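File shown: structure_26.pdb. Contents: PDB, C-alpha atoms.
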ATOM      1  CA  MET A   5      67.093 160.985 102.298  1.00  0.00           C
ATOM      2  CA  LYS A   6      63.392 160.007 102.117  1.00  0.00           C
ATOM      3  CA  HIS A   7      64.367 156.518 100.948  1.00  0.00           C
ATOM      4  CA  ILE A   8      66.781 156.022 103.848  1.00  0.00           C
ATOM      5  CA  LEU A   9      64.193 157.250 106.355  1.00  0.00           C
ATOM      6  CA  LEU A  10      61.556 154.989 104.800  1.00  0.00           C
ATOM      7  CA  LEU A  11      63.981 152.035 104.958  1.00  0.00           C
ATOM      8  CA  VAL A  12      64.723 152.693 108.665  1.00  0.00           C
ATOM      9  CA  ILE A  13      60.987 152.935 109.477  1.00  0.00           C
ATOM     10  CA  CYS A  14      60.314 149.686 107.601  1.00  0.00           C
ATOM     11  CA  MET A  15      63.106 147.965 109.532  1.00  0.00           C
ATOM     12  CA  LEU A  16      61.719 149.189 112.859  1.00  0.00           C
ATOM     13  CA  VAL A  17      58.170 148.119 111.984  1.00  0.00           C
ATOM     14  CA  SER A  18      59.459 144.745 110.800  1.00  0.00           C
ATOM     15  CA  CYS A  19      61.390 144.235 114.030  1.00  0.00           C
ATOM     16  CA  LYS A  20      58.364 145.214 116.066  1.00  0.00           C
ATOM     17  CA  LYS A  21      56.196 142.700 114.216  1.00  0.00           C
ATOM     18  CA  GLU A  22      58.662 139.915 114.987  1.00  0.00           C
ATOM     19  CA  ASN A  23      57.561 139.548 118.628  1.00  0.00           C
ATOM     20  CA  GLY A  24      58.334 143.185 119.415  1.00  0.00           C
ATOM     21  CA  THR A  25      61.998 142.489 120.121  1.00  0.00           C
ATOM     22  CA  TYR A  26      63.139 146.100 119.617  1.00  0.00           C
ATOM     23  CA  ASN A  27      62.364 149.154 121.691  1.00  0.00           C
ATOM     24  CA  LYS A  28      61.936 152.285 119.563  1.00  0.00           C
ATOM     25  CA  LYS A  29      63.750 154.480 122.069  1.00  0.00           C
ATOM     26  CA  GLU A  30      66.752 152.280 122.778  1.00  0.00           C
ATOM     27  CA  ASN A  31      66.916 150.220 119.580  1.00  0.00           C
ATOM     28  CA  SER A  32      68.163 147.224 121.614  1.00  0.00           C
ATOM     29  CA  ASN A  33      66.921 143.674 122.179  1.00  0.00           C
ATOM     30  CA  ILE A  34      64.143 143.459 124.779  1.00  0.00           C
ATOM     31  CA  TYR A  35      62.477 140.218 125.747  1.00  0.00           C
ATOM     32  CA  LYS A  36      58.709 140.126 125.317  1.00  0.00           C
ATOM     33  CA  MET A  37      56.585 137.384 126.862  1.00  0.00           C
ATOM     34  CA  SER A  38      54.073 135.391 124.861  1.00  0.00           C
ATOM     35  CA  SER A  39      50.504 135.260 126.157  1.00  0.00           C
ATOM     36  CA  LEU A  40      51.043 131.630 127.244  1.00  0.00           C
ATOM     37  CA  GLU A  41      54.060 132.676 129.299  1.00  0.00           C
ATOM     38  CA  LYS A  42      52.114 135.582 130.797  1.00  0.00           C
ATOM     39  CA  ASP A  43      49.428 133.116 131.879  1.00  0.00           C
ATOM     40  CA  PHE A  44      52.138 130.914 133.389  1.00  0.00           C
ATOM     41  CA  HIS A  45      53.388 133.820 135.499  1.00  0.00           C
ATOM     42  CA  LYS A  46      49.908 134.573 136.789  1.00  0.00           C
ATOM     43  CA  SER A  47      48.802 132.484 139.722  1.00  0.00           C
ATOM     44  CA  ASN A  48      45.486 132.171 141.446  1.00  0.00           C
ATOM     45  CA  TYR A  49      45.442 131.629 145.206  1.00  0.00           C
ATOM     46  CA  PHE A  50      49.029 132.758 145.190  1.00  0.00           C
ATOM     47  CA  ASN A  51      51.077 133.997 148.059  1.00  0.00           C
ATOM     48  CA  GLU A  52      54.694 133.291 147.259  1.00  0.00           C
ATOM     49  CA  GLU A  53      55.807 133.091 150.884  1.00  0.00           C
ATOM     50  CA  ARG A  54      53.002 130.694 151.773  1.00  0.00           C
ATOM     51  CA  ILE A  55      53.795 128.406 148.832  1.00  0.00           C
ATOM     52  CA  LYS A  56      57.521 128.446 149.673  1.00  0.00           C
ATOM     53  CA  ARG A  57      56.695 127.567 153.275  1.00  0.00           C
ATOM     54  CA  ASP A  58      54.452 124.705 152.111  1.00  0.00           C
ATOM     55  CA  LYS A  59      57.212 123.386 149.860  1.00  0.00           C
ATOM     56  CA  PHE A  60      59.675 123.521 152.735  1.00  0.00           C
ATOM     57  CA  LEU A  61      57.303 121.716 155.104  1.00  0.00           C
ATOM     58  CA  VAL A  62      56.634 118.981 152.564  1.00  0.00           C
ATOM     59  CA  THR A  63      60.306 118.449 151.720  1.00  0.00           C
ATOM     60  CA  SER A  64      61.518 118.587 155.317  1.00  0.00           C
ATOM     61  CA  LYS A  65      58.678 116.945 157.278  1.00  0.00           C
ATOM     62  CA  GLY A  66      56.187 115.422 154.854  1.00  0.00           C
ATOM     63  CA  ASP A  67      53.544 117.746 156.287  1.00  0.00           C
ATOM     64  CA  ASN A  68      50.044 116.674 155.177  1.00  0.00           C
ATOM     65  CA  LEU A  69      48.443 120.118 155.411  1.00  0.00           C
ATOM     66  CA  ALA A  70      51.258 121.770 153.453  1.00  0.00           C
ATOM     67  CA  TYR A  71      50.971 119.090 150.770  1.00  0.00           C
ATOM     68  CA  SER A  72      47.202 119.659 150.581  1.00  0.00           C
ATOM     69  CA  GLU A  73      47.778 123.372 150.072  1.00  0.00           C
ATOM     70  CA  LEU A  74      50.260 122.641 147.276  1.00  0.00           C
ATOM     71  CA  GLU A  75      47.696 120.343 145.663  1.00  0.00           C
ATOM     72  CA  LEU A  76      45.112 123.110 145.826  1.00  0.00           C
ATOM     73  CA  TYR A  77      47.546 125.699 144.494  1.00  0.00           C
ATOM     74  CA  TYR A  78      48.581 123.570 141.526  1.00  0.00           C
ATOM     75  CA  SER A  79      44.978 122.561 140.782  1.00  0.00           C
ATOM     76  CA  TYR A  80      44.167 126.277 140.350  1.00  0.00           C
ATOM     77  CA  ASN A  81      47.247 126.874 138.210  1.00  0.00           C
ATOM     78  CA  ASN A  82      46.939 124.419 135.358  1.00  0.00           C
ATOM     79  CA  LEU A  83      50.094 125.541 133.558  1.00  0.00           C
ATOM     80  CA  ARG A  84      52.117 124.669 136.673  1.00  0.00           C
ATOM     81  CA  LYS A  85      50.404 121.373 137.532  1.00  0.00           C
ATOM     82  CA  ASP A  86      53.489 119.263 136.729  1.00  0.00           C
ATOM     83  CA  GLU A  87      55.355 121.027 139.542  1.00  0.00           C
ATOM     84  CA  ILE A  88      53.453 118.949 142.129  1.00  0.00           C
ATOM     85  CA  LEU A  89      55.214 115.763 140.969  1.00  0.00           C
ATOM     86  CA  PRO A  90      58.351 115.971 143.141  1.00  0.00           C
ATOM     87  CA  TYR A  91      56.267 116.779 146.215  1.00  0.00           C
ATOM     88  CA  SER A  92      53.932 113.827 145.623  1.00  0.00           C
ATOM     89  CA  LEU A  93      56.971 111.609 145.113  1.00  0.00           C
ATOM     90  CA  MET A  94      58.508 112.798 148.385  1.00  0.00           C
ATOM     91  CA  MET A  95      55.312 112.158 150.320  1.00  0.00           C
ATOM     92  CA  VAL A  96      55.211 108.546 149.082  1.00  0.00           C
ATOM     93  CA  GLU A  97      58.858 107.549 148.739  1.00  0.00           C
ATOM     94  CA  LYS A  98      60.635 109.649 151.352  1.00  0.00           C
ATOM     95  CA  PHE A  99      57.957 109.884 154.049  1.00  0.00           C
ATOM     96  CA  LYS A 100      56.136 106.601 153.303  1.00  0.00           C
ATOM     97  CA  LYS A 101      52.729 108.266 153.238  1.00  0.00           C
ATOM     98  CA  TYR A 102      51.049 105.709 151.048  1.00  0.00           C
ATOM     99  CA  LYS A 103      47.656 107.404 151.094  1.00  0.00           C
ATOM    100  CA  TYR A 104      49.154 109.647 148.390  1.00  0.00           C
ATOM    101  CA  CYS A 105      49.929 106.785 145.984  1.00  0.00           C
ATOM    102  CA  THR A 106      46.794 107.535 143.981  1.00  0.00           C
ATOM    103  CA  ASN A 107      47.825 111.194 143.735  1.00  0.00           C
ATOM    104  CA  LEU A 108      51.285 110.196 142.543  1.00  0.00           C
ATOM    105  CA  PHE A 109      49.809 107.795 139.989  1.00  0.00           C
ATOM    106  CA  GLU A 110      47.545 110.574 138.668  1.00  0.00           C
ATOM    107  CA  ASP A 111      50.392 113.115 138.606  1.00  0.00           C
ATOM    108  CA  PHE A 112      52.601 110.786 136.576  1.00  0.00           C
ATOM    109  CA  LEU A 113      49.735 109.658 134.325  1.00  0.00           C
ATOM    110  CA  GLU A 114      48.918 113.248 133.430  1.00  0.00           C
ATOM    111  CA  PHE A 115      52.603 114.146 133.050  1.00  0.00           C
ATOM    112  CA  TYR A 116      53.391 111.225 130.722  1.00  0.00           C
ATOM    113  CA  SER A 117      50.135 111.097 128.746  1.00  0.00           C
ATOM    114  CA  GLY A 118      49.287 114.809 128.650  1.00  0.00           C
ATOM    115  CA  LYS A 119      45.728 113.817 129.517  1.00  0.00           C
ATOM    116  CA  SER A 120      43.928 115.741 132.265  1.00  0.00           C
ATOM    117  CA  ASN A 121      41.571 114.197 134.776  1.00  0.00           C
ATOM    118  CA  ASN A 122      38.101 114.532 133.257  1.00  0.00           C
ATOM    119  CA  TYR A 123      36.329 112.381 135.839  1.00  0.00           C
ATOM    120  CA  ASP A 124      32.684 113.435 136.136  1.00  0.00           C
ATOM    121  CA  GLY A 125      31.526 110.787 138.605  1.00  0.00           C
ATOM    122  CA  THR A 126      30.698 108.148 136.011  1.00  0.00           C
ATOM    123  CA  GLU A 127      32.434 104.821 135.531  1.00  0.00           C
ATOM    124  CA  LYS A 128      32.857 105.604 131.825  1.00  0.00           C
ATOM    125  CA  SER A 129      34.780 108.832 132.473  1.00  0.00           C
ATOM    126  CA  LEU A 130      37.025 107.107 135.031  1.00  0.00           C
ATOM    127  CA  ILE A 131      37.813 104.306 132.564  1.00  0.00           C
ATOM    128  CA  ASP A 132      38.493 106.934 129.896  1.00  0.00           C
ATOM    129  CA  TYR A 133      40.850 108.823 132.237  1.00  0.00           C
ATOM    130  CA  LEU A 134      42.718 105.702 133.339  1.00  0.00           C
ATOM    131  CA  GLY A 135      42.907 104.658 129.686  1.00  0.00           C
ATOM    132  CA  GLY A 136      45.582 107.330 129.315  1.00  0.00           C
ATOM    133  CA  ILE A 137      47.980 104.665 130.575  1.00  0.00           C
ATOM    134  CA  ASN A 138      47.749 103.055 127.127  1.00  0.00           C
ATOM    135  CA  LYS A 139      49.717 106.019 125.716  1.00  0.00           C
ATOM    136  CA  LEU A 140      52.754 105.156 127.845  1.00  0.00           C
ATOM    137  CA  ASP A 141      55.656 102.891 127.069  1.00  0.00           C
ATOM    138  CA  GLU A 142      56.063  99.637 129.021  1.00  0.00           C
ATOM    139  CA  SER A 143      58.521 100.955 131.613  1.00  0.00           C
ATOM    140  CA  GLN A 144      56.288 103.954 132.352  1.00  0.00           C
ATOM    141  CA  LYS A 145      53.251 101.681 132.757  1.00  0.00           C
ATOM    142  CA  ARG A 146      55.152  99.441 135.180  1.00  0.00           C
ATOM    143  CA  TYR A 147      56.325 102.489 137.135  1.00  0.00           C
ATOM    144  CA  LEU A 148      52.796 103.843 137.550  1.00  0.00           C
ATOM    145  CA  ILE A 149      51.328 100.463 138.482  1.00  0.00           C
ATOM    146  CA  TYR A 150      54.167 100.053 141.000  1.00  0.00           C
ATOM    147  CA  PHE A 151      52.749 103.014 142.948  1.00  0.00           C
ATOM    148  CA  LEU A 152      49.226 101.619 142.818  1.00  0.00           C
ATOM    149  CA  ASN A 153      50.492  98.289 144.136  1.00  0.00           C
ATOM    150  CA  ILE A 154      52.264 100.029 147.036  1.00  0.00           C
ATOM    151  CA  GLY A 155      49.096 101.978 147.800  1.00  0.00           C
ATOM    152  CA  ALA A 156      46.912  98.859 147.621  1.00  0.00           C
ATOM    153  CA  LYS A 157      49.220  96.981 150.014  1.00  0.00           C
ATOM    154  CA  ASN A 158      48.894  99.909 152.421  1.00  0.00           C
ATOM    155  CA  ASN A 159      45.107 100.222 152.234  1.00  0.00           C
ATOM    156  CA  ASP A 160      44.836 103.252 149.950  1.00  0.00           C
ATOM    157  CA  PHE A 161      41.289 102.949 148.610  1.00  0.00           C
ATOM    158  CA  GLY A 162      42.035 104.861 145.401  1.00  0.00           C
ATOM    159  CA  SER A 163      44.929 102.562 144.532  1.00  0.00           C
ATOM    160  CA  VAL A 164      42.798  99.435 145.040  1.00  0.00           C
ATOM    161  CA  ARG A 165      39.977 100.927 142.996  1.00  0.00           C
ATOM    162  CA  TYR A 166      42.245 102.012 140.153  1.00  0.00           C
ATOM    163  CA  LEU A 167      43.933  98.608 140.012  1.00  0.00           C
ATOM    164  CA  GLU A 168      40.546  96.873 139.855  1.00  0.00           C
ATOM    165  CA  ILE A 169      39.485  99.029 136.904  1.00  0.00           C
ATOM    166  CA  ILE A 170      42.853  98.662 135.190  1.00  0.00           C
ATOM    167  CA  TYR A 171      42.818  94.845 135.431  1.00  0.00           C
ATOM    168  CA  ARG A 172      39.127  94.489 134.586  1.00  0.00           C
ATOM    169  CA  ASN A 173      39.429  96.630 131.447  1.00  0.00           C
ATOM    170  CA  GLY A 174      42.961  95.731 130.370  1.00  0.00           C
ATOM    171  CA  LEU A 175      44.235  99.298 130.623  1.00  0.00           C
ATOM    172  CA  GLY A 176      47.988  99.173 130.081  1.00  0.00           C
ATOM    173  CA  VAL A 177      47.999  95.495 131.098  1.00  0.00           C
ATOM    174  CA  SER A 178      46.329  92.292 129.957  1.00  0.00           C
ATOM    175  CA  VAL A 179      42.766  91.788 131.169  1.00  0.00           C
ATOM    176  CA  ASN A 180      42.912  89.890 134.455  1.00  0.00           C
ATOM    177  CA  THR A 181      39.394  89.253 135.730  1.00  0.00           C
ATOM    178  CA  LYS A 182      40.643  87.120 138.614  1.00  0.00           C
ATOM    179  CA  SER A 183      42.789  89.979 139.995  1.00  0.00           C
ATOM    180  CA  ALA A 184      39.981  92.485 139.359  1.00  0.00           C
ATOM    181  CA  ASP A 185      37.477  90.333 141.261  1.00  0.00           C
ATOM    182  CA  SER A 186      39.934  89.879 144.119  1.00  0.00           C
ATOM    183  CA  LEU A 187      40.440  93.648 144.318  1.00  0.00           C
ATOM    184  CA  LYS A 188      36.667  94.204 144.228  1.00  0.00           C
ATOM    185  CA  SER A 189      36.296  91.792 147.169  1.00  0.00           C
ATOM    186  CA  CYS A 190      39.040  93.707 148.972  1.00  0.00           C
ATOM    187  CA  ILE A 191      37.080  96.931 148.475  1.00  0.00           C
ATOM    188  CA  LYS A 192      33.933  95.372 149.955  1.00  0.00           C
ATOM    189  CA  GLU A 193      35.852  93.918 152.883  1.00  0.00           C
ATOM    190  CA  LYS A 194      38.264  96.743 153.777  1.00  0.00           C
ATOM    191  CA  PHE A 195      36.291  99.784 152.616  1.00  0.00           C
ATOM    192  CA  PRO A 196      32.616  99.071 153.361  1.00  0.00           C
ATOM    193  CA  ALA A 197      31.802 102.793 153.614  1.00  0.00           C
ATOM    194  CA  LYS A 198      33.077 103.298 150.055  1.00  0.00           C
ATOM    195  CA  ARG A 199      30.888 100.574 148.523  1.00  0.00           C
ATOM    196  CA  GLY A 200      28.142 103.047 147.709  1.00  0.00           C
ATOM    197  CA  GLU A 201      30.517 104.698 145.231  1.00  0.00           C
ATOM    198  CA  ARG A 202      30.352 101.630 142.976  1.00  0.00           C
TER     199      ARG A 202
END

For the structure just supplied, provide its representation as C-alpha coordinates.
Amino acid sequence: MKHILLLVICMLVSCKKENGTYNKKENSNIYKMSSLEKDFHKSNYFNEERIKRDKFLVTSKGDNLAYSELELYYSYNNLRKDEILPYSLMMVEKFKKYKYCTNLFEDFLEFYSGKSNNYDGTEKSLIDYLGGINKLDESQKRYLIYFLNIGAKNNDFGSVRYLEIIYRNGLGVSVNTKSADSLKSCIKEKFPAKRGER
(Lines of atoms letter the chains of each structure in order from A and count residues from 1; the text may use other names and numbers.)
(Lines give C-alpha, C1' and ligand atoms only; values in the text may rest on other atoms or scores of the structure.)
Protein backbone atom coordinates (compact mmCIF):
# COMPACT_ATOMS: atom_id res chain seq x y z
CA MET A 1 0.00 0.00 0.00
CA LYS A 2 2.85 2.41 0.86
CA HIS A 3 4.44 1.76 -2.53
CA ILE A 4 1.21 2.52 -4.40
CA LEU A 5 0.68 5.71 -2.39
CA LEU A 6 4.29 6.74 -3.00
CA LEU A 7 3.87 6.04 -6.74
CA VAL A 8 0.69 8.18 -6.90
CA ILE A 9 2.40 11.06 -5.05
CA CYS A 10 5.40 10.85 -7.40
CA MET A 11 3.07 10.95 -10.41
CA LEU A 12 1.25 14.00 -9.05
CA VAL A 13 4.50 15.82 -8.27
CA SER A 14 5.85 14.93 -11.71
CA CYS A 15 2.71 16.25 -13.39
CA LYS A 16 2.87 19.42 -11.36
CA LYS A 17 6.49 20.00 -12.37
CA GLU A 18 5.57 19.69 -16.05
CA ASN A 19 4.01 23.17 -16.25
CA GLY A 20 1.51 22.41 -13.49
CA THR A 21 -0.98 20.81 -15.87
CA TYR A 22 -2.84 18.87 -13.16
CA ASN A 23 -4.97 20.17 -10.33
CA LYS A 24 -4.58 18.12 -7.15
CA LYS A 25 -8.28 18.33 -6.32
CA GLU A 26 -9.74 17.50 -9.72
CA ASN A 27 -6.88 15.50 -11.27
CA SER A 28 -7.78 16.94 -14.70
CA ASN A 29 -5.92 18.98 -17.31
CA ILE A 30 -5.80 22.70 -16.50
CA TYR A 31 -4.06 25.23 -18.70
CA LYS A 32 -1.37 27.29 -16.99
CA MET A 33 0.07 30.41 -18.60
CA SER A 34 3.79 30.97 -18.98
CA SER A 35 5.24 34.20 -17.59
CA LEU A 36 5.67 35.52 -21.15
CA GLU A 37 1.99 34.92 -21.84
CA LYS A 38 1.03 36.56 -18.55
CA ASP A 39 3.02 39.63 -19.60
CA PHE A 40 1.22 39.58 -22.95
CA HIS A 41 -2.15 39.68 -21.20
CA LYS A 42 -1.12 42.63 -19.07
CA SER A 43 -1.51 46.00 -20.71
CA ASN A 44 -0.43 49.43 -19.65
CA TYR A 45 -2.66 52.38 -20.51
CA PHE A 46 -5.37 49.86 -21.17
CA ASN A 47 -9.06 50.42 -21.33
CA GLU A 48 -10.52 47.73 -23.53
CA GLU A 49 -13.53 49.77 -24.61
CA ARG A 50 -11.37 52.75 -25.53
CA ILE A 51 -8.99 50.61 -27.59
CA LYS A 52 -11.91 48.90 -29.36
CA ARG A 53 -13.41 52.30 -30.14
CA ASP A 54 -10.05 53.51 -31.51
CA LYS A 55 -9.76 50.42 -33.70
CA PHE A 56 -13.27 50.99 -35.02
CA LEU A 57 -12.60 54.66 -35.78
CA VAL A 58 -9.38 53.84 -37.60
CA THR A 59 -10.91 51.04 -39.67
CA SER A 60 -14.11 52.92 -40.50
CA LYS A 61 -12.94 56.54 -40.85
CA GLY A 62 -9.15 56.66 -40.78
CA ASP A 63 -9.38 58.83 -37.67
CA ASN A 64 -6.01 60.45 -36.88
CA LEU A 65 -6.57 60.81 -33.13
CA ALA A 66 -7.72 57.20 -32.76
CA TYR A 67 -4.67 56.02 -34.70
CA SER A 68 -2.41 58.11 -32.45
CA GLU A 69 -3.96 56.49 -29.39
CA LEU A 70 -3.38 53.03 -30.87
CA GLU A 71 0.25 53.98 -31.54
CA LEU A 72 0.63 55.06 -27.93
CA TYR A 73 -1.09 51.94 -26.63
CA TYR A 74 1.10 49.59 -28.66
CA SER A 75 4.27 51.53 -27.81
CA TYR A 76 3.54 50.83 -24.11
CA ASN A 77 2.77 47.18 -24.78
CA ASN A 78 5.85 45.83 -26.49
CA LEU A 79 4.60 42.25 -26.76
CA ARG A 80 1.62 43.51 -28.80
CA LYS A 81 3.49 46.00 -31.00
CA ASP A 82 2.94 43.97 -34.20
CA GLU A 83 -0.82 44.47 -33.81
CA ILE A 84 -0.47 48.08 -35.04
CA LEU A 85 0.49 46.87 -38.53
CA PRO A 86 -3.00 46.47 -40.03
CA TYR A 87 -4.05 49.87 -38.69
CA SER A 88 -0.98 51.59 -40.15
CA LEU A 89 -1.65 49.83 -43.45
CA MET A 90 -5.26 51.02 -43.46
CA MET A 91 -4.27 54.61 -42.76
CA VAL A 92 -1.91 54.61 -45.76
CA GLU A 93 -3.57 52.30 -48.29
CA LYS A 94 -7.27 52.64 -47.54
CA PHE A 95 -7.46 56.26 -46.39
CA LYS A 96 -4.48 57.62 -48.36
CA LYS A 97 -2.97 59.31 -45.32
CA TYR A 98 0.58 59.34 -46.56
CA LYS A 99 1.99 61.10 -43.51
CA TYR A 100 1.91 57.62 -41.93
CA CYS A 101 4.19 56.02 -44.55
CA THR A 102 7.17 56.32 -42.23
CA ASN A 103 5.19 54.63 -39.45
CA LEU A 104 4.21 51.81 -41.80
CA PHE A 105 7.80 51.40 -42.96
CA GLU A 106 8.96 51.18 -39.32
CA ASP A 107 6.17 48.75 -38.39
CA PHE A 108 7.07 46.41 -41.24
CA LEU A 109 10.83 46.80 -40.67
CA GLU A 110 10.46 45.80 -37.04
CA PHE A 111 8.02 43.00 -37.90
CA TYR A 112 10.26 41.46 -40.59
CA SER A 113 13.67 42.06 -38.99
CA GLY A 114 12.74 41.64 -35.32
CA LYS A 115 14.82 44.75 -34.64
CA SER A 116 13.35 47.46 -32.41
CA ASN A 117 13.81 51.17 -32.96
CA ASN A 118 16.86 52.13 -30.90
CA TYR A 119 17.15 55.67 -32.26
CA ASP A 120 18.82 57.92 -29.68
CA GLY A 121 19.00 61.11 -31.75
CA THR A 122 22.32 60.32 -33.41
CA GLU A 123 22.90 59.66 -37.09
CA LYS A 124 24.76 56.46 -36.20
CA SER A 125 21.80 54.97 -34.31
CA LEU A 126 19.41 55.88 -37.14
CA ILE A 127 21.69 54.21 -39.70
CA ASP A 128 21.94 51.18 -37.41
CA TYR A 129 18.14 51.00 -37.09
CA LEU A 130 17.52 51.39 -40.82
CA GLY A 131 20.24 48.80 -41.43
CA GLY A 132 17.70 46.22 -40.27
CA ILE A 133 16.45 46.29 -43.86
CA ASN A 134 19.54 44.25 -44.80
CA LYS A 135 18.01 41.27 -42.94
CA LEU A 136 15.05 41.16 -45.33
CA ASP A 137 14.66 39.30 -48.58
CA GLU A 138 14.45 41.26 -51.84
CA SER A 139 10.65 41.34 -52.09
CA GLN A 140 10.34 42.58 -48.50
CA LYS A 141 12.92 45.32 -49.15
CA ARG A 142 11.04 46.46 -52.26
CA TYR A 143 7.76 46.46 -50.33
CA LEU A 144 9.16 48.65 -47.55
CA ILE A 145 10.85 51.07 -49.95
CA TYR A 146 7.57 51.26 -51.89
CA PHE A 147 5.96 52.89 -48.84
CA LEU A 148 8.84 55.33 -48.43
CA ASN A 149 8.53 56.30 -52.09
CA ILE A 150 4.79 56.94 -51.69
CA GLY A 151 5.48 59.03 -48.60
CA ALA A 152 8.25 61.00 -50.32
CA LYS A 153 5.99 61.78 -53.29
CA ASN A 154 3.41 63.08 -50.82
CA ASN A 155 5.79 65.24 -48.78
CA ASP A 156 6.22 62.99 -45.74
CA PHE A 157 9.46 64.29 -44.23
CA GLY A 158 10.33 60.98 -42.54
CA SER A 159 10.02 59.07 -45.81
CA VAL A 160 12.31 61.52 -47.64
CA ARG A 161 14.82 61.41 -44.80
CA TYR A 162 14.83 57.62 -44.58
CA LEU A 163 15.26 57.27 -48.35
CA GLU A 164 18.20 59.68 -48.30
CA ILE A 165 19.93 57.64 -45.59
CA ILE A 166 19.10 54.35 -47.28
CA TYR A 167 20.52 55.45 -50.65
CA ARG A 168 23.55 57.21 -49.17
CA ASN A 169 24.55 54.19 -47.09
CA GLY A 170 23.41 51.39 -49.39
CA LEU A 171 20.98 49.94 -46.86
CA GLY A 172 19.03 47.21 -48.65
CA VAL A 173 19.86 48.83 -52.00
CA SER A 174 22.97 49.79 -53.93
CA VAL A 175 24.62 53.04 -52.86
CA ASN A 176 23.14 55.84 -54.96
CA THR A 177 24.77 59.14 -54.03
CA LYS A 178 22.96 61.00 -56.80
CA SER A 179 19.52 60.01 -55.42
CA ALA A 180 20.68 60.70 -51.85
CA ASP A 181 21.89 64.19 -52.80
CA SER A 182 18.64 64.89 -54.63
CA LEU A 183 16.64 63.83 -51.57
CA LYS A 184 18.85 65.99 -49.33
CA SER A 185 18.13 68.98 -51.60
CA CYS A 186 14.43 68.15 -51.37
CA ILE A 187 14.67 68.24 -47.58
CA LYS A 188 16.31 71.68 -47.66
CA GLU A 189 13.77 73.00 -50.14
CA LYS A 190 10.50 71.49 -48.86
CA PHE A 191 11.26 71.14 -45.15
CA PRO A 192 13.38 74.16 -44.16
CA ALA A 193 12.20 73.98 -40.53
CA LYS A 194 13.54 70.42 -40.29
CA ARG A 195 17.04 71.29 -41.52
CA GLY A 196 18.29 71.82 -37.99
CA GLU A 197 17.76 68.10 -37.36
CA ARG A 198 20.61 67.26 -39.74

Set the distance at 6 Å and use all atoms listed in the file: which residues neighbour region 143-157 of chain A once local chain neighbours fewer than 4 positions away are removed? I'd like the list as a PyMOL selection string. chain A and resi 102+105+109+163-164

In Å, with one decimal, what is the gap from CA of Leu187 (chain A) to CA of Glu168 (chain A)?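 Straight-line distance from CA of Leu187 (chain A) to CA of Glu168 (chain A) works out to 5.5 Å.
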
Determine the nearest neighbour of Gly135 (chain A) from the options A:Lys188, A:His45, A:Lys56, A:Arg172, counting all atoms listed in the file.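 Closest to Gly135 (chain A), using all atoms listed in the file: A:Arg172.
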
Distance CA of Leu76 (chain A)-CA of Leu89 (chain A), one decimal place?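 It comes out at 13.4 Å.
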
Can you list what the PyMOL selection byres ((chain A and resi 184) around 12) grabs from this structure, as a ChimeraX atom specification? /A:164-175,177-183,185-191

Output the residue selection produced by the PyMOL selection byres ((chain A and resi 100) around 12) on the file above, formatted as a list in words.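 Output of the PyMOL selection byres ((chain A and resi 100) around 12): Lys65, Gly66, Asp67, Asn68, Ser92, Leu93, Met94, Met95, Val96, Glu97, Lys98, Phe99, Lys101, Tyr102, Lys103, Tyr104, Cys105, Phe151, Ile154, Gly155 and Asn158 of chain A.
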
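Counting from CA of Ser79 (chain A), the distance to CA of Glu114 (chain A) is 12.5 Å.
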
Residues in the PyMOL selection byres ((chain A and resi 82) around 12), expressed as a list in words: Leu40, Asp43, Phe44, His45, Lys46, Ser47, Asn48, Glu75, Leu76, Tyr77, Tyr78, Ser79, Tyr80, Asn81, Leu83, Arg84, Lys85, Asp86, Glu87, Ile88, Glu114, Phe115, Gly118, Ser120 and Asn121 of chain A
